[in-house]
Number of protein chains: 2
Amino acid sequence: MTATPARITAVDTFDIRFPTSRARDGSDAMNPDPDYSAAYVVLRTDAADGIEGHGFTFTIGRGNDVQVAAIGALRPHLLGRSVDALCADPGSLNRDLIGDSQLRWLGPEKGVMHMAIGAVVNAVWDLAAKRAGQPLWRLLAHADPEWLVSQVDFRYIADALAPEDAVRLLCEGRAGLAEREAVLLERGYPGYTTSPGWLGYSDEKLIRLAEQAVADGFTQIKLKVGADLDDDVRRMRAARAAVGDRIRIAIDANQRWNVGEAVEWTKALAEFDPYWIEEPTSPDDILGHATIRRAVAPVKVATGEHVHNRIVFKQLLQAGAIDVLQIDAARVGGVNENLAILLLAARFGVPVCPHAGGVGLCELVQHLSMFDYLALTGTTENRVIEFVDHLHEHFTTPVVIRDGHYAAPLAPGFSATMRAESIDEFRYPDGAFWTADLADQEEAA
Amino acid sequence: MTATPARITAVDTFDIRFPTSRARDGSDAMNPDPDYSAAYVVLRTDAADGIEGHGFTFTIGRGNDVQVAAIGALRPHLLGRSVDALCADPGSLNRDLIGDSQLRWLGPEKGVMHMAIGAVVNAVWDLAAKRAGQPLWRLLAHADPEWLVSQVDFRYIADALAPEDAVRLLCEGRAGLAEREAVLLERGYPGYTTSPGWLGYSDEKLIRLAEQAVADGFTQIKLKVGADLDDDVRRMRAARAAVGDRIRIAIDANQRWNVGEAVEWTKALAEFDPYWIEEPTSPDDILGHATIRRAVAPVKVATGEHVHNRIVFKQLLQAGAIDVLQIDAARVGGVNENLAILLLAARFGVPVCPHAGGVGLCELVQHLSMFDYLALTGTTENRVIEFVDHLHEHFTTPVVIRDGHYAAPLAPGFSATMRAESIDEFRYPDGAFWTADLADQEEAA
């Protein structure tokens, strides 16, 4: 008797929104009132193990429904697919989704449709890691280099990174893996915190949270800048006074400036020794970042959370436009494309310091940095993962921060699973929170 | 008695799909089976004149529903807005839409959300031109330069084009406007045709259509390439033999290649004297295009139909990456962003040869090239608008081609209005065509 091979039987989507704008959590010069949201997807199978794959796109409120619709448009590529085949080769799905020529027209490889691909691809990796009984970082770190390289789409990056370069980097990167894994399990991966620096916070709250960050073991904090220079000078001075000279302070303009403004503004804050200036201008402006970098050194230039694919990252590296590359787990086409980006960064010797925060981005991206440390670059020097202390309680295996470090997650999967109670409460517009909120608003009106 | 000012009262959206894949019309190396589609929007007002504004995003089938949802997400920005204020300053809407920070997260300024903005902004220009009783090209060409510049968003392009540069270009560009307008009305604007060159056509059909194109007065045709080099050599040889040495033959790879492949393949076709190689690689690869351009000269490099915003165009120009800039009327954020791109092209002295075809793209983009000729660059030398002879019959004022030239449209508006009968027939999935098609499929099954 032969068992029927397990198939993907459902691709369930959820529009989940948290009312974060009410406390101005997450406020910056471009995003004054984000409602942190997730276009969430659950892959279900008919396997007896009942294991599901979870993934999501992070958004900041309006348009989350459009993002959910985009994930839904991928459903025909998933339903009926063999679970074993999918988990053995998530790259096959990645190629099919990127290669759907009709859907490709809606990007190509950018925006809503590409983020939808990322959500679904990440859900497959979550499923694969859960079925393997491994946290994703460990599955990736111990994977065969040739197989990992088979997961990467080299189209449009082959002029900067050939498959044989990638194999070599991964083979060399494995030396010392066991020792580093012991260090990682003992110590964790260094983090830095943005919690003190939201633009909507008072100076008192900024100072209190900055002091708290140092007490908590962080060696780097980040401040949002870019709305008003006088305010930024005052806040930067206060933050520097609060944390002292040995703590790094990164600053983040969230794309607020033109090239010329970025240079002037950054220089005006240079006396407070900012470690990096993040997103000084449009994420699409490769040449602009190169100009800014030349002008503001030794302040470093960082970007990436809104860089939409490996092709733009390739050019940022080729043009010498960035000192720090900031991957995001849920903006590009998922783990497969982030493997390409990590390999490119390693090839060019540029450290990766992931963007995180939002909803669940810390949970996801820690796996990628830990893989990078264990089996690719072999170091955490000048590498930190962003940490923001919001909304972790909605995940079944939230990140654990100890002494300014991300503890390596031990639960199988990609740490992407949201608690069922949270989904029920914050589903928009029909979850319990939003239903009650709407009733309140109607009563007040 | 004061009349109530007219407001926008409805933003109606339609998912319209044409079954073009069945005849392999529009087939190329990346898009073997497009179903040309439009995510269509109609702005209605309570003005007594009953005038509507029409706009759309062109897609090639699957995902058109996602695009429609994205247009719908913009509805709150439009409903209730003063029609007079909107038509006097479409840029105010453009700024509001681009500046919606929550929606911006879904790009920024790229992909589904940005194309939705383009559809809506273009619909406002259609409304404004209809109310002014002018075809859009004429409204733009006769507009005050300062006002036109007020319609441009200089964010992220100010390092290449300052507002004062733009005003100067437009003031200088007006000299001789009346004479050129007479020429335009008499002769039209030069076009070229892609109809012979679809990859799915037989050699016989290619030769027949190429000969027909010359007989019809076109001085340039275009061939799709990139799937198989031997086929391309054979087809290019046949096309060159059919049209002779004096007709330009452009070739178009639709992003099929890596940088190295693009160089090799183009050189392999050089003996047939291709005029330009279009979309040799990813539209995101600015540095790649610059490399290819240096390597394949004197063959020109053209791109733009998938370039997602003014910031990428700026860099293509700054990097010396293109000889020919191909705007698309419905990919970027509408007329306002295309004004920025036309100004950038003029500033760098690079000719604009628009992408067209699809559904209604010829109808739209002719207005922008005619404006460029009349009031900005003052020339049509080395400038041609793509023409593809599909689906024009679905528009109330389809393009008119005479002796290889686009006749200047005289009807007020942006030529964007689709016939009501066409909308009824091809609305997906509930229009008459698709309902019958589904019944046929069920019967066959």
# chains A, B, ... in the order shown; residues from 1 in each chain; ligands from 1
call {"tool": "interface_residues", "arguments": {"of": "chain A", "to": "chain B", "cutoff": "7 Å", "atoms": "only C-alpha atoms", "output": "PyMOL selection string"}}
result
chain A and resi 30-31+34+59-63+66+69-70+73+101-103+105-107+110-112+155-156+158-159+258-260+282+284-285+287+311-312+315
call {"tool": "residues_around", "arguments": {"residues": "Ala295 of chain A", "least_positions_apart": "5", "cutoff": "10 Å", "atoms": "only C-alpha atoms", "output": "list of chain:residue names"}}
result
A:Gly260, A:Ala262, A:Val263, A:Glu264, A:Thr266, A:Lys267, A:His289, A:Ala290
call {"tool": "write_last_selection", "arguments": {"atoms": "N, CA and C atoms", "output": "short mmCIF file (atom, residue, chain, number, x, y, z; two decimals), in the first residue's frame"}}
result
data_model
loop_
_atom_site.label_atom_id
_atom_site.label_comp_id
_atom_site.auth_asym_id
_atom_site.auth_seq_id
_atom_site.Cartn_x
_atom_site.Cartn_y
_atom_site.Cartn_z
N GLY A 260 21.46 66.47 -2.04
CA GLY A 260 22.15 67.62 -1.44
C GLY A 260 21.77 67.84 0.01
N ALA A 262 20.70 65.61 2.07
CA ALA A 262 21.24 64.51 2.87
C ALA A 262 22.66 64.82 3.31
N VAL A 263 23.44 65.34 2.39
CA VAL A 263 24.83 65.66 2.71
C VAL A 263 24.88 66.77 3.76
N GLU A 264 24.13 67.84 3.53
CA GLU A 264 24.17 68.98 4.46
C GLU A 264 23.69 68.60 5.86
N THR A 266 23.41 65.62 7.28
CA THR A 266 24.29 64.67 7.96
C THR A 266 25.53 65.38 8.51
N LYS A 267 26.09 66.28 7.72
CA LYS A 267 27.25 67.02 8.20
C LYS A 267 26.90 67.89 9.41
N HIS A 289 23.13 57.59 -3.46
CA HIS A 289 23.78 57.05 -2.26
C HIS A 289 25.30 57.09 -2.39
N ALA A 290 25.80 56.81 -3.59
CA ALA A 290 27.25 56.84 -3.79
C ALA A 290 27.78 58.26 -3.57
#
call {"tool": "atom_distance", "arguments": {"atom1": "atom CA of Gly333 of chain B", "atom2": "atom CA of Leu317 of chain A"}}
result
28.2 Å
call {"tool": "select_by_dssp", "arguments": {"residues": "segment 196-425 of chain B", "states": "alpha helix (DSSP H)", "output": "number ranges by chain"}}
result
B: 203-215, 229-243, 259-269, 286-296, 310-318, 335-348, 361-375, 420-425
call {"tool": "atom_distance", "arguments": {"atom1": "atom CA of Leu140 of chain B", "atom2": "atom CA of Arg174 of chain B"}}
result
11.4 Å
call {"tool": "select_by_dssp", "arguments": {"residues": "segment 10-46 of chain A", "states": "strand (DSSP E)", "output": "list in words"}}
result
Ala10, Val11, Asp12, Thr13, Phe14, Asp15, Ile16, Arg17, Ser37, Ala38, Ala39, Tyr40, Val41, Val42, Leu43, Arg44 and Thr45 of chain A
call {"tool": "residues_around", "arguments": {"residues": "segment 179-195 of chain B", "least_positions_apart": "3", "cutoff": "7 Å", "atoms": "only C-alpha atoms", "output": "PyMOL selection string"}}
result
chain B and resi 176+198+218-223+370+374+384-389+404-408
call {"tool": "closest_residue", "arguments": {"among": "B:Val152, B:Val365, B:Ala23, B:Ala270", "to": "His390 of chain B", "atoms": "only C-alpha atoms"}}
result
B:Ala23
call {"tool": "residues_around", "arguments": {"residues": "segment 4-19 of chain B", "least_positions_apart": "4", "cutoff": "8 Å", "atoms": "only C-alpha atoms", "output": "VMD selection string"}}
result
chain B and resid 35 to 47 61 64 to 65 68 71 to 72 75 78 to 84 423 426 to 428
call {"tool": "write_last_selection", "arguments": {"atoms": "C-alpha atoms", "output": "PDB file, in the first residue's frame"}}
result
ATOM      1  CA  ASP B  35      -3.940  38.571 -22.324  1.00  0.00           C
ATOM      2  CA  TYR B  36      -3.911  42.316 -22.792  1.00  0.00           C
ATOM      3  CA  SER B  37      -5.917  43.843 -19.967  1.00  0.00           C
ATOM      4  CA  ALA B  38      -6.818  47.113 -18.349  1.00  0.00           C
ATOM      5  CA  ALA B  39      -7.490  47.955 -14.726  1.00  0.00           C
ATOM      6  CA  TYR B  40      -9.860  50.711 -15.684  1.00  0.00           C
ATOM      7  CA  VAL B  41     -11.167  53.655 -13.664  1.00  0.00           C
ATOM      8  CA  VAL B  42     -13.911  56.192 -14.291  1.00  0.00           C
ATOM      9  CA  LEU B  43     -14.186  59.350 -12.192  1.00  0.00           C
ATOM     10  CA  ARG B  44     -17.714  60.693 -12.056  1.00  0.00           C
ATOM     11  CA  THR B  45     -18.801  64.117 -10.813  1.00  0.00           C
ATOM     12  CA  ASP B  46     -22.019  65.896  -9.953  1.00  0.00           C
ATOM     13  CA  ALA B  47     -21.298  68.684 -12.440  1.00  0.00           C
ATOM     14  CA  GLY B  61      -3.838  39.288 -17.616  1.00  0.00           C
ATOM     15  CA  ASN B  64      -5.455  42.588 -13.164  1.00  0.00           C
ATOM     16  CA  ASP B  65      -7.819  42.116 -10.208  1.00  0.00           C
ATOM     17  CA  VAL B  68      -8.087  47.052  -9.719  1.00  0.00           C
ATOM     18  CA  ILE B  71      -6.957  51.678  -7.690  1.00  0.00           C
ATOM     19  CA  GLY B  72      -9.872  51.159  -5.327  1.00  0.00           C
ATOM     20  CA  ARG B  75     -10.874  56.097  -3.585  1.00  0.00           C
ATOM     21  CA  LEU B  78     -10.801  61.342  -4.529  1.00  0.00           C
ATOM     22  CA  LEU B  79     -14.365  61.222  -3.277  1.00  0.00           C
ATOM     23  CA  GLY B  80     -15.737  64.640  -2.424  1.00  0.00           C
ATOM     24  CA  ARG B  81     -12.841  66.557  -3.959  1.00  0.00           C
ATOM     25  CA  SER B  82     -13.644  69.753  -5.819  1.00  0.00           C
ATOM     26  CA  VAL B  83     -13.574  69.159  -9.551  1.00  0.00           C
ATOM     27  CA  ASP B  84     -12.437  72.712 -10.292  1.00  0.00           C
ATOM     28  CA  ILE B 423     -16.394  47.231 -21.224  1.00  0.00           C
ATOM     29  CA  PHE B 426     -14.746  42.069 -21.874  1.00  0.00           C
ATOM     30  CA  ARG B 427     -15.313  42.740 -18.178  1.00  0.00           C
ATOM     31  CA  TYR B 428     -13.722  39.826 -16.330  1.00  0.00           C
TER      32      TYR B 428
END
call {"tool": "atom_distance", "arguments": {"atom1": "atom CA of Ala85 of chain B", "atom2": "atom CA of Glu363 of chain B"}}
result
26.0 Å
call {"tool": "closest_residue", "arguments": {"among": "B:Thr377, B:Gln326, B:Gln151, B:Thr303", "to": "Ala356 of chain B", "atoms": "only C-alpha atoms"}}
result
B:Gln326
call {"tool": "closest_residue", "arguments": {"among": "A:Leu391, A:Ala88, A:Leu170, A:Ala436", "to": "Phe371 of chain A", "atoms": "only C-alpha atoms"}}
result
A:Leu170
call {"tool": "residues_around", "arguments": {"residues": "Ala329 of chain A", "least_positions_apart": "6", "cutoff": "10 Å", "atoms": "only C-alpha atoms", "output": "VMD selection string"}}
result
chain A and resid 56 to 58 115 118 to 119 122 305 335 337 to 338 354 to 356 360 to 368
